[in-house]
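Taking it in order: structure first as structure tokens, then the write-up.
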Amino acid sequence: MSNTILLVEDNPSDEKLTLLAFKNCGVSNEIVVVRDGVAALDHLFGTDEARGAPGLLPALVLLDLMLPKINGLEVLRRIRANERTSLLPVVVLTASKEEEDIARSYTLGANAYVRKPVGFAEFAQAAKTLGLFWLLLNERAPTLSRAK
């Protein structure tokens, strides 16, 4: 597992806001941005040639729900269905306030559900909290390997 963060976000404004918020709160991890569900799955499951070192998973996935090509809930389902990624921390970071989205996210195995705050100061605080918890305080799950 690497120390990168995978940000799955199709909205350029939200992407910039997220990157700026992380920078302002001192999160120095590399952030890889993909803009749709297909690209997210390609990155995680190794079909993305530009990804760099094959086999390395990010430390954290920040996943929007409203994505083109494959939506965030389906991306989450596939992450949890694969042994290699089943324990990967996934935080749903979305504007959706729909109770159904919240319930489905947790049912599918999201580690957290965070609504994107509207104001920059609130968003920066949310990013700082996410960074501190998931990257500094949280103990990562061990990498699963198949018994032979």
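So you can find residues: chains in the structure tokens are A, B, ... in the order shown, residues in each start at 1, and ligands are numbered from 1 in order.
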Enumerate the residues of segment 9-80 of chain A with a DSSP assignment of alpha helix (DSSP H), computed from the backbone, and present them as a PyMOL selection string.
-> chain A and resi 12-24+37-45+72-80
If you run DSSP on this backbone, which residues of segment 9-43 of chain A come out as strand (DSSP E), and could you give them as number ranges by chain?
-> A: 31-34
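Atom CA of Tyr113 of chain A is found 22.6 Å from atom CA of Ser28 of chain A.
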Return the single residue from A:Ile79, A:Leu7, A:Ala103, A:Leu67 that is closest to Leu41 of chain A, with distances computed using only C-alpha atoms.
-> A:Ile79
Calculate how many Å separate atom CA of Leu17 of chain A from atom CA of Gln125 of chain A, rounding to one decimal.
->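 Pair atom CA of Leu17 of chain A / atom CA of Gln125 of chain A returns 11.8 Å.
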Using only C-alpha atoms, pick whichever of A:Arg35, A:Arg115, A:Arg78, A:Arg84 has the shortest atom-to-atom distance to Lys97 of chain A.
->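 Residue with the minimum atom-to-atom distance to Lys97 of chain A: A:Arg115.
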Taking 3 positions as the minimum chain separation for residues in the same chain, which residues sit within 9 Å of Ala126 of chain A when counting only C-alpha atoms? Answer as a JSON list (two decimals) with all heavy atoms, in the first residue's frame.
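This is the output file selection_29.json:
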[["chain", "number", "residue", "atom", "x", "y", "z"],
["A", 21, "ALA", "N", -7.72, 22.49, -0.02],
["A", 21, "ALA", "CA", -8.00, 22.25, 1.40],
["A", 21, "ALA", "C", -6.95, 21.33, 2.01],
["A", 21, "ALA", "O", -6.45, 21.59, 3.12],
["A", 21, "ALA", "CB", -9.40, 21.65, 1.57],
["A", 114, "VAL", "N", -19.12, 11.60, 4.07],
["A", 114, "VAL", "CA", -18.92, 13.01, 4.39],
["A", 114, "VAL", "C", -19.58, 13.85, 3.32],
["A", 114, "VAL", "O", -19.30, 13.67, 2.13],
["A", 114, "VAL", "CB", -17.41, 13.35, 4.48],
["A", 114, "VAL", "CG1", -17.21, 14.83, 4.76],
["A", 114, "VAL", "CG2", -16.73, 12.49, 5.54],
["A", 116, "LYS", "N", -19.99, 17.18, 1.29],
["A", 116, "LYS", "CA", -19.10, 18.30, 0.95],
["A", 116, "LYS", "C", -19.71, 19.59, 1.49],
["A", 116, "LYS", "O", -20.81, 19.96, 1.10],
["A", 116, "LYS", "CB", -18.95, 18.42, -0.56],
["A", 116, "LYS", "CG", -18.25, 17.26, -1.21],
["A", 116, "LYS", "CD", -18.25, 17.45, -2.71],
["A", 116, "LYS", "CE", -17.78, 16.22, -3.43],
["A", 116, "LYS", "NZ", -17.90, 16.32, -4.88],
["A", 117, "PRO", "N", -18.98, 20.24, 2.38],
["A", 117, "PRO", "CA", -19.48, 21.54, 2.87],
["A", 117, "PRO", "C", -19.44, 22.57, 1.75],
["A", 117, "PRO", "O", -18.62, 22.49, 0.84],
["A", 117, "PRO", "CB", -18.48, 21.92, 3.98],
["A", 117, "PRO", "CG", -17.79, 20.64, 4.34],
["A", 117, "PRO", "CD", -17.77, 19.83, 3.08],
["A", 121, "ALA", "N", -14.00, 27.40, 4.24],
["A", 121, "ALA", "CA", -13.49, 27.19, 5.60],
["A", 121, "ALA", "C", -14.00, 25.88, 6.18],
["A", 121, "ALA", "O", -13.23, 25.11, 6.77],
["A", 121, "ALA", "CB", -13.89, 28.36, 6.50],
["A", 122, "GLU", "N", -15.27, 25.58, 5.97],
["A", 122, "GLU", "CA", -15.83, 24.33, 6.47],
["A", 122, "GLU", "C", -15.24, 23.14, 5.71],
["A", 122, "GLU", "O", -14.96, 22.10, 6.29],
["A", 122, "GLU", "CB", -17.36, 24.32, 6.34],
["A", 122, "GLU", "CG", -18.06, 25.33, 7.22],
["A", 122, "GLU", "CD", -18.14, 26.71, 6.59],
["A", 122, "GLU", "OE1", -17.83, 26.86, 5.39],
["A", 122, "GLU", "OE2", -18.49, 27.65, 7.32],
["A", 123, "PHE", "N", -15.06, 23.31, 4.40],
["A", 123, "PHE", "CA", -14.48, 22.23, 3.60],
["A", 123, "PHE", "C", -13.03, 21.97, 4.03],
["A", 123, "PHE", "O", -12.61, 20.82, 4.15],
["A", 123, "PHE", "CB", -14.54, 22.58, 2.12],
["A", 123, "PHE", "CG", -14.31, 21.39, 1.23],
["A", 123, "PHE", "CD1", -15.38, 20.69, 0.73],
["A", 123, "PHE", "CD2", -13.03, 20.97, 0.91],
["A", 123, "PHE", "CE1", -15.19, 19.58, -0.08],
["A", 123, "PHE", "CE2", -12.82, 19.87, 0.10],
["A", 123, "PHE", "CZ", -13.91, 19.17, -0.40],
["A", 129, "THR", "N", -9.61, 17.16, 9.03],
["A", 129, "THR", "CA", -10.06, 16.06, 9.88],
["A", 129, "THR", "C", -9.88, 14.72, 9.18],
["A", 129, "THR", "O", -9.39, 13.76, 9.77],
["A", 129, "THR", "CB", -11.53, 16.28, 10.30],
["A", 129, "THR", "OG1", -11.62, 17.54, 10.97],
["A", 129, "THR", "CG2", -12.01, 15.17, 11.21],
["A", 130, "LEU", "N", -10.27, 14.66, 7.90],
["A", 130, "LEU", "CA", -10.10, 13.43, 7.13],
["A", 130, "LEU", "C", -8.63, 13.04, 7.05],
["A", 130, "LEU", "O", -8.27, 11.88, 7.27],
["A", 130, "LEU", "CB", -10.65, 13.59, 5.71],
["A", 130, "LEU", "CG", -12.16, 13.57, 5.54],
["A", 130, "LEU", "CD1", -12.53, 13.98, 4.12],
["A", 130, "LEU", "CD2", -12.71, 12.20, 5.86],
["A", 131, "GLY", "N", -7.79, 14.00, 6.74],
["A", 131, "GLY", "CA", -6.36, 13.73, 6.63],
["A", 131, "GLY", "C", -5.76, 13.26, 7.94],
["A", 131, "GLY", "O", -5.02, 12.27, 7.97]]
Which of these residues is nearest to Leu73 of chain A, using only C-alpha atoms: A:Leu44, A:Val34, A:Val91, A:Val27?
->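 Selected residue with least distance to Leu73 of chain A: A:Val91.
Within 9 Å of Val33 of chain A, once only C-alpha atoms are used and residues closer than 2 positions along the same chain are dropped, the contacting residues are Ile5, Leu6, Leu7, Val8, Glu9, Glu15, Ile31, Arg35 and Ala40 of chain A.
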Write the residues of the preceding selection, restricted to N, CA and C atoms, as a compact mmCIF listing (two decimals), in the first residue's frame.
# COMPACT_ATOMS: atom_id res chain seq x y z
N ILE A 5 -3.33 9.27 -1.94
CA ILE A 5 -4.78 9.38 -1.79
C ILE A 5 -5.35 9.34 -3.20
N LEU A 6 -6.37 8.52 -3.42
CA LEU A 6 -7.06 8.49 -4.70
C LEU A 6 -8.33 9.32 -4.56
N LEU A 7 -8.39 10.43 -5.27
CA LEU A 7 -9.57 11.29 -5.28
C LEU A 7 -10.34 11.00 -6.55
N VAL A 8 -11.57 10.51 -6.39
CA VAL A 8 -12.43 10.20 -7.53
C VAL A 8 -13.49 11.29 -7.58
N GLU A 9 -13.27 12.26 -8.47
CA GLU A 9 -14.10 13.47 -8.49
C GLU A 9 -14.19 14.00 -9.92
N GLU A 15 -12.73 19.36 -7.19
CA GLU A 15 -11.36 18.83 -7.21
C GLU A 15 -10.38 19.88 -6.69
N ILE A 31 -1.74 13.16 -4.15
CA ILE A 31 -3.15 12.94 -4.44
C ILE A 31 -3.29 12.67 -5.92
N ARG A 35 -11.38 11.04 -12.84
CA ARG A 35 -12.62 11.80 -13.01
C ARG A 35 -13.86 11.00 -13.33
N ALA A 40 -11.35 5.13 -12.02
CA ALA A 40 -11.07 4.71 -10.63
C ALA A 40 -10.81 3.21 -10.57
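Restricting the calculation to only C-alpha atoms, the smallest distance between Ser105 of chain A and any of A:Ala127, A:Cys25, A:Leu65, A:Ala81 is found for A:Leu65.
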Proximity to Arg80 of chain A - best of A:Thr4, A:Asn111, A:Asn11, A:Thr18, only C-alpha atoms |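 When distances to Arg80 of chain A are compared using only C-alpha atoms, the smallest one comes from A:Asn111.
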